[in-house]
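**Student:** Here you go, this is start-v4.txt (compact mmCIF, C-alpha atoms).
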# COMPACT_ATOMS: atom_id res chain seq x y z
CA MET Z 1 83.72 89.87 87.00
CA GLU Z 2 85.29 87.95 84.12
CA VAL Z 3 84.81 89.68 80.79
CA GLU Z 4 85.80 88.11 77.49
CA ARG Z 5 88.00 90.22 75.20
CA ASP Z 6 86.29 89.10 72.01
CA GLN Z 7 82.79 90.25 72.87
CA THR Z 8 81.24 92.45 70.21
CA VAL Z 9 82.05 96.14 70.50
CA SER Z 10 79.02 98.24 69.66
CA SER Z 11 78.69 101.66 68.12
CA PRO Z 12 79.29 104.53 70.58
CA THR Z 13 76.33 105.84 72.54
CA VAL Z 14 78.00 107.16 75.69
CA PRO Z 15 75.89 110.08 77.03
CA ILE Z 16 77.00 113.62 76.20
CA VAL Z 17 76.12 116.48 78.56
CA ASP Z 18 76.28 120.12 77.45
CA LEU Z 19 77.34 122.10 80.52
CA SER Z 20 76.51 125.43 78.87
CA ASN Z 21 72.77 124.74 78.98
CA LEU Z 22 71.13 127.57 80.94
CA ASP Z 23 68.70 125.10 82.50
CA LYS Z 24 71.04 123.80 85.21
CA GLU Z 25 68.37 121.46 86.57
CA LEU Z 26 68.33 119.76 83.19
CA VAL Z 27 72.14 119.52 83.24
CA ALA Z 28 72.06 118.05 86.74
CA ARG Z 29 69.47 115.45 85.75
CA ALA Z 30 71.55 114.46 82.72
CA VAL Z 31 74.68 113.99 84.85
CA VAL Z 32 72.78 111.94 87.44
CA LYS Z 33 71.05 109.78 84.81
CA ALA Z 34 74.32 109.04 83.00
CA SER Z 35 76.03 108.18 86.28
CA GLN Z 36 73.21 105.85 87.28
CA GLU Z 37 72.92 104.07 83.94
CA TRP Z 38 76.47 104.16 82.61
CA GLY Z 39 78.95 105.40 85.20
CA VAL Z 40 80.55 107.41 82.40
CA PHE Z 41 79.61 110.45 80.33
CA GLN Z 42 81.19 113.10 78.16
CA VAL Z 43 80.95 116.84 78.76
CA VAL Z 44 81.06 119.64 76.20
CA ASN Z 45 81.27 123.40 76.83
CA HIS Z 46 83.07 122.62 80.08
CA GLU Z 47 84.83 126.02 80.24
CA ILE Z 48 88.35 124.56 80.18
CA PRO Z 49 90.06 126.54 77.40
CA LYS Z 50 90.88 124.60 74.24
CA GLU Z 51 94.31 126.22 74.14
CA LEU Z 52 95.09 124.98 77.66
CA ILE Z 53 94.15 121.40 76.76
CA GLN Z 54 96.34 121.63 73.66
CA SER Z 55 99.24 122.86 75.80
CA LEU Z 56 98.67 120.05 78.30
CA LYS Z 57 98.89 117.49 75.50
CA LYS Z 58 101.94 119.18 73.99
CA VAL Z 59 104.06 119.18 77.16
CA GLY Z 60 103.03 115.64 78.11
CA THR Z 61 103.81 114.29 74.66
CA HIS Z 62 107.15 116.09 74.71
CA PHE Z 63 108.14 114.30 77.92
CA PHE Z 64 107.26 110.81 76.69
CA GLU Z 65 109.00 111.36 73.36
CA LEU Z 66 112.27 112.50 74.90
CA SER Z 67 115.18 110.73 73.25
CA SER Z 68 117.03 110.65 76.57
CA GLU Z 69 115.76 107.80 78.73
CA ALA Z 70 117.79 109.31 81.58
CA GLU Z 71 115.47 112.34 81.69
CA LYS Z 72 112.48 110.04 82.14
CA GLU Z 73 114.25 107.97 84.76
CA ALA Z 74 115.05 111.18 86.65
CA VAL Z 75 111.38 111.37 87.65
CA ALA Z 76 110.86 107.61 87.98
CA THR Z 77 109.41 106.00 91.08
CA PRO Z 78 112.40 104.72 93.11
CA ALA Z 79 112.81 100.94 93.32
CA ASN Z 80 110.94 99.39 96.27
CA SER Z 81 109.24 102.71 96.97
CA LYS Z 82 105.64 102.78 98.18
CA ASP Z 83 105.20 106.18 96.56
CA ILE Z 84 102.59 106.18 93.80
CA GLN Z 85 104.11 109.19 92.05
CA GLY Z 86 106.65 109.16 89.24
CA TYR Z 87 107.38 107.58 85.87
CA VAL Z 88 106.58 103.87 85.48
CA THR Z 89 107.01 101.70 82.39
CA ASN Z 90 105.16 98.46 81.60
CA SER Z 91 104.93 98.68 77.81
CA GLN Z 92 107.84 96.34 77.11
CA GLN Z 93 106.24 93.34 78.82
CA ASP Z 94 105.74 90.06 76.94
CA VAL Z 95 102.43 89.92 75.11
CA GLU Z 96 101.73 86.71 77.02
CA ASP Z 97 101.91 88.56 80.33
CA LYS Z 98 98.49 89.70 81.49
CA VAL Z 99 99.66 93.15 82.56
CA ASP Z 100 98.78 96.65 81.47
CA ARG Z 101 100.95 97.48 78.46
CA VAL Z 102 101.26 101.17 79.17
CA ASP Z 103 103.78 103.67 80.52
CA HIS Z 104 102.59 106.14 83.15
CA LEU Z 105 103.59 109.41 84.72
CA PHE Z 106 101.91 110.19 88.04
CA HIS Z 107 102.22 113.33 90.15
CA ASN Z 108 99.93 114.99 92.65
CA LEU Z 109 98.37 118.34 91.78
CA SER Z 110 96.60 119.17 95.06
CA PRO Z 111 96.54 119.75 98.01
CA PRO Z 112 99.87 121.60 98.19
CA SER Z 113 101.07 119.35 101.02
CA SER Z 114 100.87 116.32 98.68
CA ILE Z 115 102.87 117.81 95.82
CA ASP Z 116 106.41 116.54 95.27
CA TYR Z 117 108.06 118.38 92.40
CA ARG Z 118 110.77 115.71 92.12
CA TYR Z 119 108.23 113.79 90.04
CA TRP Z 120 107.37 116.69 87.72
CA PRO Z 121 109.33 116.75 84.44
CA LYS Z 122 111.69 119.68 84.00
CA ASN Z 123 111.71 119.22 80.24
CA PRO Z 124 109.88 120.96 78.66
CA PRO Z 125 110.35 123.96 80.98
CA GLU Z 126 106.68 125.01 80.74
CA TYR Z 127 105.45 121.61 81.95
CA ARG Z 128 104.86 122.85 85.51
CA SER Z 129 102.99 126.06 84.69
CA VAL Z 130 100.70 124.30 82.20
CA ASN Z 131 99.84 121.51 84.64
CA GLU Z 132 99.23 123.92 87.50
CA GLU Z 133 96.75 125.92 85.44
CA TYR Z 134 95.05 122.78 84.17
CA ALA Z 135 94.75 121.57 87.77
CA ARG Z 136 92.89 124.75 88.73
CA GLN Z 137 90.45 124.27 85.87
CA ALA Z 138 89.96 120.53 86.43
CA LYS Z 139 89.23 121.06 90.14
CA LYS Z 140 86.44 123.49 89.28
CA LEU Z 141 84.93 120.95 86.90
CA ALA Z 142 85.22 118.09 89.40
CA GLU Z 143 83.55 120.04 92.20
CA LYS Z 144 80.75 121.13 89.88
CA ILE Z 145 80.06 117.51 88.91
CA LEU Z 146 80.23 116.33 92.53
CA GLY Z 147 77.67 118.99 93.41
CA TRP Z 148 75.18 117.63 90.90
CA LEU Z 149 75.84 114.06 92.02
CA SER Z 150 75.27 115.07 95.65
CA GLU Z 151 71.95 116.68 94.84
CA GLY Z 152 70.99 113.57 92.89
CA LEU Z 153 71.30 111.63 96.15
CA GLY Z 154 69.10 114.09 98.02
CA LEU Z 155 72.09 115.58 99.82
CA ASP Z 156 73.45 119.09 100.17
CA ARG Z 157 75.50 120.21 97.18
CA GLU Z 158 78.77 120.04 99.13
CA ALA Z 159 78.14 116.63 100.74
CA LEU Z 160 80.10 114.38 98.40
CA PHE Z 161 83.09 116.68 98.20
CA ASN Z 162 83.25 117.47 101.92
CA GLN Z 163 82.05 114.24 103.53
CA GLY Z 164 83.31 111.85 100.88
CA PHE Z 165 86.61 113.44 99.84
CA GLY Z 166 87.53 115.63 102.80
CA GLY Z 167 86.91 119.00 101.16
CA GLY Z 168 89.35 121.42 99.61
CA LYS Z 169 92.19 120.92 102.10
CA LYS Z 170 92.22 117.11 101.96
CA ALA Z 171 90.85 115.94 98.60
CA VAL Z 172 93.74 114.62 96.50
CA TYR Z 173 94.02 115.42 92.79
CA THR Z 174 96.60 113.44 90.81
CA MET Z 175 97.73 113.83 87.21
CA LYS Z 176 98.21 110.52 85.41
CA ILE Z 177 99.50 110.50 81.84
CA ASN Z 178 99.06 107.20 80.01
CA TYR Z 179 101.32 106.37 77.05
CA TYR Z 180 100.36 103.34 74.94
CA PRO Z 181 102.98 102.70 72.23
CA PRO Z 182 102.00 100.78 69.09
CA CYS Z 183 101.81 97.03 69.55
CA ARG Z 184 102.68 94.99 66.45
CA PRO Z 185 101.69 92.51 65.22
CA GLN Z 186 99.44 91.34 68.06
CA ALA Z 187 97.55 94.46 69.12
CA ASN Z 188 94.27 92.62 68.65
CA LEU Z 189 95.37 90.05 71.24
CA VAL Z 190 96.66 92.46 73.86
CA LEU Z 191 95.05 95.21 75.92
CA GLY Z 192 96.69 98.46 76.93
CA MET Z 193 94.81 98.23 80.23
CA GLN Z 194 92.88 95.21 81.43
CA PRO Z 195 89.15 95.57 82.29
CA HIS Z 196 88.86 97.36 85.63
CA THR Z 197 86.85 99.82 87.67
CA ASP Z 198 88.69 102.86 88.97
CA ILE Z 199 90.19 102.69 92.43
CA HIS Z 200 89.74 106.44 92.87
CA GLY Z 201 86.52 108.45 93.01
CA LEU Z 202 86.26 110.54 89.85
CA THR Z 203 88.21 110.53 86.59
CA ILE Z 204 88.54 113.52 84.25
CA LEU Z 205 90.06 112.14 81.05
CA VAL Z 206 91.33 113.84 77.90
CA PRO Z 207 92.70 111.51 75.17
CA ASN Z 208 94.68 112.17 72.04
CA GLU Z 209 93.06 111.48 68.68
CA ILE Z 210 93.79 107.72 68.68
CA PRO Z 211 90.72 105.77 69.87
CA GLY Z 212 90.98 102.94 72.39
CA LEU Z 213 88.87 103.57 75.49
CA GLN Z 214 85.97 101.14 75.83
CA VAL Z 215 83.29 100.87 78.54
CA PHE Z 216 81.15 97.88 79.49
CA LYS Z 217 77.36 98.06 79.69
CA ASP Z 218 74.55 95.57 79.10
CA ASP Z 219 77.02 92.73 78.49
CA GLN Z 220 78.88 94.44 75.67
CA TRP Z 221 81.73 96.85 75.10
CA PHE Z 222 81.12 100.35 73.78
CA ASP Z 223 83.74 102.50 72.08
CA VAL Z 224 84.09 105.93 73.66
CA GLU Z 225 84.10 108.30 70.69
CA TYR Z 226 86.86 110.89 70.37
CA ASN Z 227 86.04 114.55 69.92
CA PRO Z 228 88.62 117.28 70.67
CA SER Z 229 85.95 119.38 72.39
CA ILE Z 230 84.89 116.61 74.78
CA ILE Z 231 86.14 115.63 78.24
CA ASN Z 232 85.32 112.16 79.55
CA ILE Z 233 84.06 111.69 83.11
CA LEU Z 234 84.20 108.26 84.76
CA ILE Z 235 82.74 107.26 88.12
CA GLY Z 236 85.01 105.15 90.35
CA ASP Z 237 84.64 102.78 93.29
CA PRO Z 238 84.45 105.35 96.14
CA ILE Z 239 81.49 107.25 94.62
CA TRP Z 240 79.80 103.91 93.88
CA ARG Z 241 80.09 103.06 97.59
CA MET Z 242 79.22 106.56 98.82
CA SER Z 243 76.07 106.53 96.68
CA ASN Z 244 75.09 103.08 98.02
CA GLY Z 245 75.39 101.70 94.51
CA LYS Z 246 73.12 104.29 92.87
CA TYR Z 247 75.98 105.55 90.70
CA LYS Z 248 77.86 102.92 88.69
CA ASN Z 249 81.59 102.40 88.87
CA VAL Z 250 82.06 101.83 85.16
CA LEU Z 251 84.06 98.82 83.99
CA HIS Z 252 86.43 99.91 81.24
CA ARG Z 253 89.54 98.90 79.31
CA THR Z 254 91.93 100.26 76.70
CA THR Z 255 92.81 98.67 73.37
CA LEU Z 256 96.07 99.16 71.48
CA ASN Z 257 96.78 100.47 68.00
CA THR Z 258 99.12 98.67 65.60
CA GLU Z 259 100.52 101.84 64.02
CA LYS Z 260 100.10 104.83 66.31
CA THR Z 261 100.70 105.83 69.91
CA ARG Z 262 97.67 106.47 72.07
CA MET Z 263 97.89 108.85 75.04
CA SER Z 264 95.52 110.16 77.66
CA TRP Z 265 95.75 112.84 80.34
CA VAL Z 266 93.78 111.92 83.43
CA VAL Z 267 93.03 113.89 86.59
CA LEU Z 268 92.12 111.53 89.41
CA LEU Z 269 90.12 112.74 92.42
CA LYS Z 270 90.76 110.64 95.53
CA PRO Z 271 89.85 110.80 99.22
CA PRO Z 272 92.72 110.90 101.72
CA TYR Z 273 93.82 107.42 102.79
CA ASP Z 274 92.30 107.70 106.26
CA MET Z 275 88.91 108.85 104.97
CA VAL Z 276 86.08 106.41 105.73
CA ILE Z 277 84.12 105.47 102.61
CA GLU Z 278 80.51 104.56 103.29
CA PRO Z 279 77.02 105.32 101.96
CA LEU Z 280 76.43 109.00 102.70
CA MET Z 281 72.63 108.89 102.65
CA LYS Z 282 72.49 107.36 106.12
CA HIS Z 283 73.73 110.67 107.54
CA THR Z 284 70.60 112.47 106.36
CA GLY Z 285 68.42 110.43 108.72
CA ASP Z 286 65.82 109.74 106.06
CA GLY Z 287 67.48 107.07 103.93
CA ASP Z 288 64.96 104.69 102.42
CA GLU Z 289 67.25 101.68 102.13
CA ALA Z 290 69.83 99.88 104.21
CA PRO Z 291 73.53 100.50 103.47
CA LYS Z 292 74.87 97.97 100.95
CA PHE Z 293 78.49 98.54 101.90
CA LYS Z 294 80.34 98.36 105.20
CA PRO Z 295 82.50 101.35 106.14
CA ILE Z 296 86.09 101.06 104.94
CA THR Z 297 88.93 103.55 104.79
CA TYR Z 298 90.12 104.58 101.36
CA GLY Z 299 93.54 103.16 102.21
CA GLU Z 300 92.03 99.76 102.98
CA HIS Z 301 90.10 99.88 99.73
CA VAL Z 302 93.28 100.58 97.76
CA GLU Z 303 95.14 97.73 99.47
CA ARG Z 304 92.34 95.27 98.66
CA LYS Z 305 92.20 96.28 95.00
CA VAL Z 306 95.97 96.04 94.58
CA ARG Z 307 96.05 92.66 96.32
CA ASP Z 308 93.23 91.33 94.14
CA LYS Z 309 95.00 92.53 90.99
CA LEU Z 310 98.25 90.81 91.97
CA GLN Z 311 96.41 87.58 92.74
CA LYS Z 312 94.80 87.58 89.29
CA ARG Z 313 98.23 87.86 87.67
CA SER Z 314 99.69 84.94 89.62
What would the structure in this file look like if it were written as structure tokens?
**Tutor:**
Amino acid sequence: MEVERDQTVSSPTVPIVDLSNLDKELVARAVVKASQEWGVFQVVNHEIPKELIQSLKKVGTHFFELSSEAEKEAVATPANSKDIQGYVTNSQQDVEDKVDRVDHLFHNLSPPSSIDYRYWPKNPPEYRSVNEEYARQAKKLAEKILGWLSEGLGLDREALFNQGFGGGKKAVYTMKINYYPPCRPQANLVLGMQPHTDIHGLTILVPNEIPGLQVFKDDQWFDVEYNPSIINILIGDPIWRMSNGKYKNVLHRTTLNTEKTRMSWVVLLKPPYDMVIEPLMKHTGDGDEAPKFKPITYGEHVERKVRDKLQKRS
């Protein structure tokens, strides 16, 4: 889908779901409705401690603001490596280049077999302990949301997590920190990240106070409002396919600021590469519609998306 950058950006109306509501059926319906209509929603009273989120932001910001470039390069992805973990910089590209103008730090959080501490910053020293605790909390939130989404498809509560992501021993959680430095004087002409849908299944996103995330719905862009108490949840391609298109894989982008740095801390939930992604309802035996997607492994899906992105640049 081609989307023009200069389309009008509307006032924010992204759904907000209060997870503390004692009527859990009401919460589940709100999550399902937002996923069907938007593919994105915000959660409040999510039980992740405010102090932990503040610590997560503090240690991540510390890493990206290190004066020593050598310390960043120490956790960089090696040249010609196929590894998707490590520090990557794109922010110094020409404004004419249609690339994402953002620096990243990726490292896996779970399962233990996927973790490579070579890609975890050693400065500040508390970086590891903070991220490990945040991972425990984010996993609880992700599995809770997947449970409601499963029930919204008429499936058992564990279906999406177990059948779609491989369950607790195989589902991959990755931390991705995005660092968008100020872009002057052409921030209005350049995007931090181009319009895209997420290659992974579920995104749990915490930004800093600088706005920039926008989502596409009904032929217009919507600003995603910042609130320090809110966590953003985005549906990605695998859940779109697993739900047979019932849940939207939200198209989104990131704008740049002329004066201030924008950052976001993102936990990505992904299936293992050999996991087959297909509509799950067919396994219940009572699906009321034909599958809209052919089975594909997650690895094949990733390869296609990367190939398509490279072709668009050329």
**Student:** At a cut-off of 12 Å, can you tabulate as a Markdown table every residue of range 246-280 of chain Z near range 134-148 of chain Z together with its closest atom pair and the distance in Å to one decimal, using all atoms listed in the file and ordering rows by chain then number?
**Tutor:**
| residue | atom | partner | partner_atom | distance |
| --- | --- | --- | --- | --- |
| Z:Tyr247 | CA | Z:Leu146 | CA | 11.7 |
| Z:Trp265 | CA | Z:Tyr134 | CA | 10.7 |
| Z:Val266 | CA | Z:Ala138 | CA | 9.9 |
| Z:Val267 | CA | Z:Ala138 | CA | 7.3 |
| Z:Leu268 | CA | Z:Ala142 | CA | 9.5 |
| Z:Leu269 | CA | Z:Ala142 | CA | 7.9 |
| Z:Lys270 | CA | Z:Ala142 | CA | 11.1 |
**Student:** Please work out which residues fall within 12 Å of (81.7, 105.7, 101.3), coordinates as given in the file, with only C-alpha atoms counting, and return them as a PyMOL selection string.
**Tutor:** chain Z and resi 159-166+200-201+236-245+270-271+274-283+291-298+301
**Student:** Could you give me, as number ranges by chain, the residues within 8 Å of Pro111 in chain Z, counting all atoms listed in the file and dropping anything in the same chain fewer than 5 positions from it?
**Tutor:** Z: 168-173
**Student:** Would you put the residues from that selection into a file with C-alpha atoms, as a short mmCIF file (atom, residue, chain, number, x, y, z; two decimals), in the frame of the given file?
**Tutor:**
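Resulting contents of part23.cif:
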data_model
loop_
_atom_site.label_atom_id
_atom_site.label_comp_id
_atom_site.auth_asym_id
_atom_site.auth_seq_id
_atom_site.Cartn_x
_atom_site.Cartn_y
_atom_site.Cartn_z
CA GLY Z 168 89.35 121.42 99.61
CA LYS Z 169 92.19 120.92 102.10
CA LYS Z 170 92.22 117.11 101.96
CA ALA Z 171 90.85 115.94 98.60
CA VAL Z 172 93.74 114.62 96.50
CA TYR Z 173 94.02 115.42 92.79
#
**Student:** Just the number, please: distance in Å from CA of Asp116 in chain Z to CA of Val75 in chain Z, one decimal.
**Tutor:**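 Between CA of Asp116 in chain Z and CA of Val75 in chain Z the gap works out to 10.5 Å.
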**Student:** For His107 in chain Z, which of Z:Lys176, Z:Arg128, Z:Lys246, Z:His46 is the closest residue, counting only C-alpha atoms?
**Tutor:**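 Nearest candidate to His107 in chain Z out of Z:Lys176, Z:Arg128, Z:Lys246, Z:His46: Z:Lys176.
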**Student:** So how far away is CA of Ile204 in chain Z from CA of Ser264 in chain Z, in Å?
**Tutor:**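 Taking CA of Ser264 in chain Z as the start and CA of Ile204 in chain Z as the end point, the length is 10.2 Å.
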**Student:** Write out as a PDB file with C-alpha atoms, in the coordinates of the input which residues come within 12 Å of range 19-29 of chain Z when counting only C-alpha atoms, dropping same-chain ones fewer than 4 positions away.
**Tutor:**
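Output saved as result-v1.pdb:
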ATOM      1  CA  PRO Z  15      75.890 110.080  77.030  1.00  0.00           C
ATOM      2  CA  LYS Z  33      71.050 109.780  84.810  1.00  0.00           C
ATOM      3  CA  ALA Z  34      74.320 109.040  83.000  1.00  0.00           C
ATOM      4  CA  SER Z  35      76.030 108.180  86.280  1.00  0.00           C
ATOM      5  CA  GLN Z  36      73.210 105.850  87.280  1.00  0.00           C
ATOM      6  CA  PHE Z  41      79.610 110.450  80.330  1.00  0.00           C
ATOM      7  CA  GLN Z  42      81.190 113.100  78.160  1.00  0.00           C
ATOM      8  CA  VAL Z  43      80.950 116.840  78.760  1.00  0.00           C
ATOM      9  CA  VAL Z  44      81.060 119.640  76.200  1.00  0.00           C
ATOM     10  CA  ASN Z  45      81.270 123.400  76.830  1.00  0.00           C
ATOM     11  CA  HIS Z  46      83.070 122.620  80.080  1.00  0.00           C
ATOM     12  CA  GLU Z  47      84.830 126.020  80.240  1.00  0.00           C
ATOM     13  CA  ILE Z  48      88.350 124.560  80.180  1.00  0.00           C
ATOM     14  CA  LEU Z 141      84.930 120.950  86.900  1.00  0.00           C
ATOM     15  CA  LYS Z 144      80.750 121.130  89.880  1.00  0.00           C
ATOM     16  CA  ILE Z 145      80.060 117.510  88.910  1.00  0.00           C
ATOM     17  CA  LEU Z 146      80.230 116.330  92.530  1.00  0.00           C
ATOM     18  CA  GLY Z 147      77.670 118.990  93.410  1.00  0.00           C
ATOM     19  CA  TRP Z 148      75.180 117.630  90.900  1.00  0.00           C
ATOM     20  CA  LEU Z 149      75.840 114.060  92.020  1.00  0.00           C
ATOM     21  CA  SER Z 150      75.270 115.070  95.650  1.00  0.00           C
ATOM     22  CA  GLU Z 151      71.950 116.680  94.840  1.00  0.00           C
ATOM     23  CA  GLY Z 152      70.990 113.570  92.890  1.00  0.00           C
ATOM     24  CA  LEU Z 153      71.300 111.630  96.150  1.00  0.00           C
ATOM     25  CA  ARG Z 157      75.500 120.210  97.180  1.00  0.00           C
ATOM     26  CA  ILE Z 230      84.890 116.610  74.780  1.00  0.00           C
ATOM     27  CA  ILE Z 231      86.140 115.630  78.240  1.00  0.00           C
TER      28      ILE Z 231
END
**Student:** Which is closer to Met175 in chain Z than all the others in Z:Thr254, Z:Gln311, Z:Ser110, Z:Thr197, using all atoms listed in the file?
**Tutor:**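 So, comparing all the options, the nearest one is Z:Ser110.
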**Student:** Restricting the calculation to only C-alpha atoms, which member of Z:Ala70, Z:Glu303, Z:Phe216, Z:Ile210 is positioned closest to Pro228 in chain Z?
**Tutor:**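 Answer, going by the shortest atom-to-atom distance: Z:Ile210.
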**Student:** Tell me which protein, DNA and RNA residues are within 10 Å of Asp218 in chain Z, counting all atoms listed in the file, leaving out same-chain ones fewer than 4 positions away, and put them as a PyMOL selection string.
**Tutor:** chain Z and resi 37-38+222
**Student:** Please list as a PDB file with C-alpha atoms, in the frame of the given file every residue within 8 Å of Cys183 in chain Z, counting all atoms listed in the file and excluding residues in the same chain fewer than 5 positions away.
**Tutor:**
ATOM      1  CA  LEU Z 256      96.070  99.160  71.480  1.00  0.00           C
ATOM      2  CA  ASN Z 257      96.780 100.470  68.000  1.00  0.00           C
ATOM      3  CA  THR Z 258      99.120  98.670  65.600  1.00  0.00           C
ATOM      4  CA  GLU Z 259     100.520 101.840  64.020  1.00  0.00           C
TER       5      GLU Z 259
END
**Student:** Please, what distance in Å, to one decimal, runs between CA of Asp103 in chain Z and CA of Ala74 in chain Z?
**Tutor:** 14.9 Å
**Student:** Using only C-alpha atoms, which residue out of Z:Asn90, Z:Asn208, Z:Thr203, Z:Gln214 lies closest to Tyr226 in chain Z?
**Tutor:** Z:Asn208
**Student:** Of the candidates Z:Val206, Z:Leu105, Z:Val130, Z:Leu155, which one gets nearest to Phe63 in chain Z if we count all atoms listed in the file?
**Tutor:**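 Looking only at the distances to Phe63 in chain Z, the closest residue turns out to be Z:Leu105.
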**Student:** Select, from Z:Glu209, Z:Glu300, Z:Glu289, Z:Asp223, the residue with the minimum atom-to-atom distance to Arg262 in chain Z, counting all atoms listed in the file.
**Tutor:** Z:Glu209
